[in-house]
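Since the structure comes first, as C-alpha coordinates, the remarks are kept for the end.
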Amino acid sequence: MFKAVSNNLSAEPKDIRWFYDQYAPMLLGYINGIVQDQQKSEDHLVVILTSYIKDVAILPEKSRLNIWLELRQYAQSKLTLYTAKDHQLNLNQSVDNGRLDLLDDLQKRIFCAVYYHGKTIQYLAATIGCNESEIRNQLRLSIDKMRRASGN
Amino acid sequence: MESGLMETYVMGIATEEEVQKVLSLKKEYPAFKDALEQLEYDMEVLAQSMGIEPPVDALAKIELEINEIQRQNQAIQTTVEAEYSYNKTHQENKRGKYIEVESESNQMRVNKAWKWAFIAVFVLGKIFLAFAIYFYLENRQVKEQLQELKIELKQKIR
(Lines give C-alpha, C1' and ligand atoms only; values in the text may rest on other atoms or scores of the structure.)
Protein backbone atom coordinates (compact mmCIF):
# COMPACT_ATOMS: atom_id res chain seq x y z
CA MET A 1 0.00 0.00 0.00
CA PHE A 2 2.87 2.30 0.81
CA LYS A 3 4.59 3.79 -2.21
CA ALA A 4 7.99 5.51 -2.10
CA VAL A 5 7.90 8.12 -4.83
CA SER A 6 11.28 9.71 -5.41
CA ASN A 7 14.38 10.85 -3.61
CA ASN A 8 15.10 14.06 -5.46
CA LEU A 9 14.69 16.09 -2.24
CA SER A 10 12.72 18.77 -3.96
CA ALA A 11 10.80 19.77 -0.79
CA GLU A 12 10.86 23.48 -0.04
CA PRO A 13 11.66 24.62 3.54
CA LYS A 14 8.08 25.91 3.96
CA ASP A 15 6.71 22.50 2.88
CA ILE A 16 8.99 20.79 5.40
CA ARG A 17 7.77 23.10 8.15
CA TRP A 18 4.13 22.53 7.18
CA PHE A 19 4.69 18.78 7.14
CA TYR A 20 6.45 18.87 10.50
CA ASP A 21 3.75 20.97 12.19
CA GLN A 22 1.07 18.67 10.81
CA TYR A 23 2.54 15.25 11.45
CA ALA A 24 5.48 15.40 13.91
CA PRO A 25 3.32 15.23 17.11
CA MET A 26 1.21 12.39 15.68
CA LEU A 27 4.29 10.52 14.54
CA LEU A 28 6.08 10.98 17.84
CA GLY A 29 3.03 9.63 19.66
CA TYR A 30 2.95 6.69 17.27
CA ILE A 31 6.69 5.98 17.58
CA ASN A 32 6.46 6.21 21.36
CA GLY A 33 3.67 3.64 21.24
CA ILE A 34 6.07 1.26 19.51
CA VAL A 35 9.38 2.09 21.22
CA GLN A 36 7.93 3.03 24.64
CA ASP A 37 10.91 5.24 25.49
CA GLN A 38 10.62 9.02 25.22
CA GLN A 39 14.27 9.78 24.41
CA LYS A 40 14.62 6.97 21.87
CA SER A 41 11.29 7.99 20.30
CA GLU A 42 12.52 11.56 19.80
CA ASP A 43 15.72 10.28 18.16
CA HIS A 44 13.71 8.00 15.88
CA LEU A 45 11.37 10.88 15.02
CA VAL A 46 14.23 12.96 13.60
CA VAL A 47 15.67 10.01 11.66
CA ILE A 48 12.32 8.84 10.28
CA LEU A 49 11.03 12.29 9.30
CA THR A 50 14.34 13.16 7.59
CA SER A 51 14.33 9.86 5.75
CA TYR A 52 10.65 10.22 4.75
CA ILE A 53 11.17 13.75 3.43
CA LYS A 54 14.22 12.46 1.52
CA ASP A 55 12.46 9.40 0.06
CA VAL A 56 8.92 10.57 -0.53
CA ALA A 57 7.66 13.69 -2.26
CA ILE A 58 5.73 15.76 0.28
CA LEU A 59 3.14 17.89 -1.38
CA PRO A 60 0.64 19.95 0.69
CA GLU A 61 -2.04 19.49 -1.96
CA LYS A 62 -1.80 15.68 -1.71
CA SER A 63 -4.70 13.98 0.09
CA ARG A 64 -4.00 14.42 3.81
CA LEU A 65 -5.54 11.09 4.73
CA ASN A 66 -3.16 9.17 2.51
CA ILE A 67 -0.17 11.00 3.96
CA TRP A 68 -0.82 9.84 7.51
CA LEU A 69 -1.49 6.24 6.44
CA GLU A 70 1.72 6.23 4.36
CA LEU A 71 3.77 7.91 7.06
CA ARG A 72 2.55 5.46 9.69
CA GLN A 73 3.45 2.46 7.51
CA TYR A 74 6.77 4.05 6.64
CA ALA A 75 7.61 4.53 10.34
CA GLN A 76 6.56 0.94 11.04
CA SER A 77 8.88 -0.33 8.30
CA LYS A 78 11.77 1.63 9.85
CA LEU A 79 11.15 0.24 13.31
CA THR A 80 11.20 -3.45 12.50
CA LEU A 81 13.63 -4.00 15.37
CA TYR A 82 10.77 -3.18 17.73
CA THR A 83 7.80 -4.37 15.67
CA ALA A 84 9.30 -7.83 15.17
CA LYS A 85 8.81 -8.51 18.88
CA ASP A 86 5.42 -9.10 20.43
CA HIS A 87 4.03 -5.82 21.67
CA GLN A 88 4.25 -5.44 25.44
CA LEU A 89 2.01 -2.54 26.39
CA ASN A 90 3.36 -0.76 29.42
CA LEU A 91 0.25 0.44 31.18
CA ASN A 92 2.23 2.25 33.85
CA GLN A 93 4.10 4.51 31.46
CA SER A 94 3.78 8.24 32.03
CA VAL A 95 2.73 8.84 28.43
CA ASP A 96 -0.97 9.48 27.96
CA ASN A 97 -2.52 6.49 26.20
CA GLY A 98 -5.36 8.68 24.97
CA ARG A 99 -8.44 6.74 24.07
CA LEU A 100 -6.72 3.37 24.48
CA ASP A 101 -7.91 3.46 28.09
CA LEU A 102 -11.48 3.06 26.83
CA LEU A 103 -10.71 -0.44 25.55
CA ASP A 104 -10.86 -3.68 27.50
CA ASP A 105 -7.69 -5.77 27.73
CA LEU A 106 -8.39 -7.99 24.72
CA GLN A 107 -9.38 -5.04 22.53
CA LYS A 108 -6.33 -3.08 23.68
CA ARG A 109 -4.07 -6.05 22.90
CA ILE A 110 -5.55 -6.53 19.44
CA PHE A 111 -5.61 -2.83 18.57
CA CYS A 112 -2.00 -2.21 19.72
CA ALA A 113 -0.69 -5.33 17.97
CA VAL A 114 -2.29 -4.21 14.70
CA TYR A 115 -1.83 -0.44 14.97
CA TYR A 116 1.72 -0.31 16.33
CA HIS A 117 3.20 -3.63 15.22
CA GLY A 118 1.30 -4.33 12.00
CA LYS A 119 0.36 -7.86 13.10
CA THR A 120 -2.07 -9.60 10.78
CA ILE A 121 -5.50 -10.95 11.65
CA GLN A 122 -4.25 -14.49 10.96
CA TYR A 123 -1.27 -14.06 13.29
CA LEU A 124 -3.44 -12.70 16.10
CA ALA A 125 -6.03 -15.44 15.66
CA ALA A 126 -3.28 -18.04 16.02
CA THR A 127 -1.58 -16.27 18.95
CA ILE A 128 -4.67 -15.41 20.98
CA GLY A 129 -6.54 -18.56 20.09
CA CYS A 130 -9.70 -16.98 18.64
CA ASN A 131 -11.05 -17.31 15.14
CA GLU A 132 -10.29 -14.61 12.57
CA SER A 133 -13.80 -13.18 12.48
CA GLU A 134 -13.69 -12.64 16.25
CA ILE A 135 -10.39 -10.75 15.91
CA ARG A 136 -11.85 -8.62 13.10
CA ASN A 137 -14.92 -7.94 15.18
CA GLN A 138 -12.88 -6.92 18.25
CA LEU A 139 -10.72 -4.65 16.14
CA ARG A 140 -13.80 -2.98 14.64
CA LEU A 141 -15.38 -2.57 18.08
CA SER A 142 -12.22 -1.04 19.54
CA ILE A 143 -12.01 1.51 16.72
CA ASP A 144 -15.74 2.26 17.05
CA LYS A 145 -15.33 2.85 20.81
CA MET A 146 -12.53 5.35 20.28
CA ARG A 147 -14.37 7.07 17.42
CA ARG A 148 -17.49 7.47 19.51
CA ALA A 149 -15.40 9.01 22.28
CA SER A 150 -14.27 11.63 19.78
CA GLY A 151 -17.91 12.41 19.02
CA ASN A 152 -17.96 10.68 15.57
CA MET B 1 -19.18 -2.36 6.36
CA GLU B 2 -19.86 -4.57 9.37
CA SER B 3 -17.29 -7.18 8.30
CA GLY B 4 -14.31 -5.22 9.57
CA LEU B 5 -12.90 -4.97 6.03
CA MET B 6 -12.62 -1.17 6.17
CA GLU B 7 -10.83 -1.33 9.51
CA THR B 8 -8.21 -3.85 8.32
CA TYR B 9 -7.68 -1.70 5.20
CA VAL B 10 -7.24 1.53 7.16
CA MET B 11 -4.97 -0.18 9.68
CA GLY B 12 -2.74 -1.28 6.78
CA ILE B 13 -2.99 -5.04 7.37
CA ALA B 14 -5.40 -5.95 4.56
CA THR B 15 -4.33 -8.77 2.24
CA GLU B 16 -3.92 -8.06 -1.48
CA GLU B 17 -7.33 -9.64 -2.12
CA GLU B 18 -8.95 -7.44 0.54
CA VAL B 19 -7.28 -4.31 -0.86
CA GLN B 20 -8.68 -5.11 -4.30
CA LYS B 21 -12.12 -5.67 -2.78
CA VAL B 22 -11.98 -2.32 -0.94
CA LEU B 23 -10.88 -0.47 -4.08
CA SER B 24 -13.64 -2.11 -6.07
CA LEU B 25 -16.32 -1.29 -3.45
CA LYS B 26 -15.00 2.27 -3.18
CA LYS B 27 -15.44 2.67 -6.92
CA GLU B 28 -18.89 1.11 -7.05
CA TYR B 29 -20.56 2.47 -3.93
CA PRO B 30 -20.28 6.18 -3.00
CA ALA B 31 -21.62 5.40 0.49
CA PHE B 32 -18.75 2.94 1.05
CA LYS B 33 -16.27 5.54 -0.23
CA ASP B 34 -17.67 8.18 2.17
CA ALA B 35 -17.57 5.77 5.11
CA LEU B 36 -13.98 4.79 4.29
CA GLU B 37 -12.85 8.42 4.06
CA GLN B 38 -14.61 9.20 7.34
CA LEU B 39 -12.83 6.26 8.99
CA GLU B 40 -9.46 7.42 7.63
CA TYR B 41 -10.15 10.91 8.94
CA ASP B 42 -11.17 9.53 12.34
CA MET B 43 -7.97 7.49 12.51
CA GLU B 44 -6.02 10.68 11.93
CA VAL B 45 -8.00 12.45 14.66
CA LEU B 46 -7.27 9.48 16.93
CA ALA B 47 -3.56 9.75 16.14
CA GLN B 48 -3.70 13.48 16.93
CA SER B 49 -5.30 12.71 20.29
CA MET B 50 -2.42 10.31 21.04
CA GLY B 51 0.18 12.77 19.72
CA ILE B 52 3.13 14.04 21.77
CA GLU B 53 4.64 17.48 21.32
CA PRO B 54 8.17 17.02 19.90
CA PRO B 55 11.17 18.69 21.58
CA VAL B 56 11.83 22.27 20.41
CA ASP B 57 15.05 21.45 18.56
CA ALA B 58 13.65 18.53 16.53
CA LEU B 59 12.67 20.67 13.51
CA ALA B 60 16.09 22.37 13.49
CA LYS B 61 17.78 18.93 13.53
CA ILE B 62 15.64 17.72 10.62
CA GLU B 63 16.27 20.90 8.60
CA LEU B 64 20.01 20.59 9.29
CA GLU B 65 20.03 16.97 8.11
CA ILE B 66 18.04 17.85 4.99
CA ASN B 67 20.36 20.77 4.19
CA GLU B 68 23.38 18.52 4.65
CA ILE B 69 21.91 15.89 2.29
CA GLN B 70 21.03 18.60 -0.25
CA ARG B 71 24.57 20.00 0.01
CA GLN B 72 26.07 16.52 -0.53
CA ASN B 73 23.76 15.90 -3.50
CA GLN B 74 24.76 19.22 -5.03
CA ALA B 75 28.45 18.43 -4.47
CA ILE B 76 28.03 15.03 -6.15
CA GLN B 77 26.13 16.63 -9.03
CA THR B 78 28.82 19.29 -9.45
CA THR B 79 31.57 16.65 -9.45
CA VAL B 80 29.73 14.54 -12.02
CA GLU B 81 29.13 17.58 -14.22
CA ALA B 82 32.77 18.68 -13.88
CA GLU B 83 33.99 15.17 -14.78
CA TYR B 84 31.67 15.07 -17.78
CA SER B 85 32.82 18.51 -18.88
CA TYR B 86 36.53 17.53 -18.45
CA ASN B 87 36.07 14.30 -20.44
CA LYS B 88 34.29 16.17 -23.21
CA THR B 89 37.00 18.88 -23.41
CA HIS B 90 39.76 16.27 -23.18
CA GLN B 91 38.30 14.30 -26.07
CA GLU B 92 37.86 17.43 -28.17
CA ASN B 93 41.47 18.48 -27.46
CA LYS B 94 42.69 15.03 -28.42
CA ARG B 95 40.80 15.25 -31.68
CA GLY B 96 42.36 18.70 -32.37
CA LYS B 97 46.00 17.68 -31.65
CA TYR B 98 46.21 14.46 -33.59
CA ILE B 99 45.29 13.49 -37.11
CA GLU B 100 43.57 10.16 -37.27
CA VAL B 101 45.38 7.89 -39.76
CA GLU B 102 43.99 4.70 -41.15
CA SER B 103 46.95 2.32 -41.02
CA GLU B 104 47.22 -1.04 -42.75
CA SER B 105 49.07 -3.98 -41.27
CA ASN B 106 52.18 -5.18 -43.18
CA GLN B 107 51.61 -8.72 -42.00
CA MET B 108 49.69 -11.32 -43.95
CA ARG B 109 47.82 -14.31 -42.75
CA VAL B 110 48.50 -17.69 -44.43
CA ASN B 111 46.69 -20.94 -43.96
CA LYS B 112 48.70 -23.49 -41.91
CA ALA B 113 48.44 -26.07 -44.75
CA TRP B 114 50.89 -23.99 -46.77
CA LYS B 115 53.66 -24.76 -44.23
CA TRP B 116 54.51 -28.14 -45.85
CA ALA B 117 54.51 -26.59 -49.32
CA PHE B 118 56.98 -23.96 -48.16
CA ILE B 119 59.22 -26.65 -46.58
CA ALA B 120 59.12 -28.72 -49.79
CA VAL B 121 60.02 -25.67 -51.90
CA PHE B 122 62.89 -24.84 -49.49
CA VAL B 123 64.32 -28.42 -49.58
CA LEU B 124 64.01 -28.66 -53.40
CA GLY B 125 65.72 -25.26 -53.67
CA LYS B 126 68.67 -26.59 -51.63
CA ILE B 127 68.89 -29.76 -53.79
CA PHE B 128 68.85 -27.68 -57.00
CA LEU B 129 71.53 -25.41 -55.54
CA ALA B 130 73.74 -28.43 -54.68
CA PHE B 131 73.28 -29.84 -58.22
CA ALA B 132 74.08 -26.43 -59.72
CA ILE B 133 77.34 -26.18 -57.71
CA TYR B 134 78.25 -29.77 -58.58
CA PHE B 135 77.69 -29.30 -62.31
CA TYR B 136 79.48 -25.94 -62.24
CA LEU B 137 82.59 -27.52 -60.68
CA GLU B 138 82.35 -30.49 -63.02
CA ASN B 139 82.09 -28.19 -66.02
CA ARG B 140 85.10 -26.13 -64.86
CA GLN B 141 87.14 -29.29 -64.39
CA VAL B 142 86.18 -30.54 -67.86
CA LYS B 143 87.14 -27.17 -69.34
CA GLU B 144 90.55 -27.27 -67.64
CA GLN B 145 91.20 -30.83 -68.89
CA LEU B 146 90.17 -29.78 -72.35
CA GLN B 147 92.56 -26.84 -72.21
CA GLU B 148 95.40 -29.14 -71.10
CA LEU B 149 94.62 -31.54 -73.92
CA LYS B 150 94.70 -28.72 -76.44
CA ILE B 151 98.11 -27.60 -75.14
CA GLU B 152 99.47 -31.18 -75.34
CA LEU B 153 98.14 -31.56 -78.86
CA LYS B 154 99.78 -28.32 -80.01
CA GLN B 155 103.13 -29.38 -78.51
CA LYS B 156 102.91 -32.74 -80.32
CA ILE B 157 102.13 -31.06 -83.65
CA ARG B 158 105.25 -28.87 -83.30
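Order determines the names: the first chain of the C-alpha coordinates is A, the second B, and so forth; residues in each chain are numbered 1 upward, and ligands are numbered 1 upward as they are shown.
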With 10 Å as the cut-off and only C-alpha atoms counted, what is the closest atom pair between each nearby residue of chain B and chain A? Distances in Å to one decimal, ordered by chain and number, as a tab-separated table.
residue	atom	partner	partner_atom	distance
B:Met1	CA	A:Arg140	CA	9.9
B:Glu2	CA	A:Arg140	CA	8.2
B:Ser3	CA	A:Asn137	CA	7.3
B:Gly4	CA	A:Arg136	CA	5.5
B:Leu5	CA	A:Arg136	CA	8.0
B:Met6	CA	A:Arg140	CA	8.7
B:Glu7	CA	A:Arg140	CA	6.1
B:Thr8	CA	A:Arg136	CA	7.7
B:Tyr9	CA	A:Met1	CA	9.4
B:Val10	CA	A:Leu69	CA	7.5
B:Met11	CA	A:Tyr115	CA	6.2
B:Gly12	CA	A:Gln73	CA	7.3
B:Ile13	CA	A:Thr120	CA	5.8
B:Ala14	CA	A:Thr120	CA	7.9
B:Thr15	CA	A:Thr120	CA	8.9
B:Glu16	CA	A:Met1	CA	9.1
B:Val19	CA	A:Met1	CA	8.5
B:Glu37	CA	A:Leu65	CA	7.8
B:Gln38	CA	A:Asn152	CA	9.0
B:Leu39	CA	A:Arg147	CA	8.6
B:Glu40	CA	A:Leu65	CA	6.1
B:Tyr41	CA	A:Leu65	CA	6.2
B:Asp42	CA	A:Arg147	CA	6.5
B:Met43	CA	A:Arg147	CA	8.1
B:Glu44	CA	A:Trp68	CA	6.9
B:Val45	CA	A:Ser150	CA	8.1
B:Leu46	CA	A:Met146	CA	7.5
B:Ala47	CA	A:Met26	CA	5.5
B:Gln48	CA	A:Met26	CA	5.2
B:Ser49	CA	A:Gly98	CA	6.2
B:Met50	CA	A:Gly98	CA	5.2
B:Gly51	CA	A:Met26	CA	4.2
B:Ile52	CA	A:Pro25	CA	4.8
B:Glu53	CA	A:Pro25	CA	4.9
B:Pro54	CA	A:Pro25	CA	5.9
B:Pro55	CA	A:Glu42	CA	7.5
B:Asp57	CA	A:Val46	CA	9.9
B:Ala58	CA	A:Val46	CA	6.3
B:Leu59	CA	A:Tyr20	CA	7.1
B:Ala60	CA	A:Val46	CA	9.6
B:Lys61	CA	A:Val46	CA	6.9
B:Ile62	CA	A:Thr50	CA	5.6
B:Glu63	CA	A:Pro13	CA	7.8
B:Leu64	CA	A:Thr50	CA	9.5
B:Glu65	CA	A:Thr50	CA	6.9
B:Ile66	CA	A:Thr50	CA	6.5
B:Asn67	CA	A:Pro13	CA	9.5
B:Ile69	CA	A:Lys54	CA	8.5
B:Gln70	CA	A:Leu9	CA	7.1
B:Asn73	CA	A:Asn8	CA	9.1
- [ ] Enter the distance from atom CA of A:His117 to atom CA of A:Asp55, in Å, rounded to one decimal.
- [x]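 Computing the Euclidean distance for atom CA of A:His117 and atom CA of A:Asp55 yields 22.0 Å.
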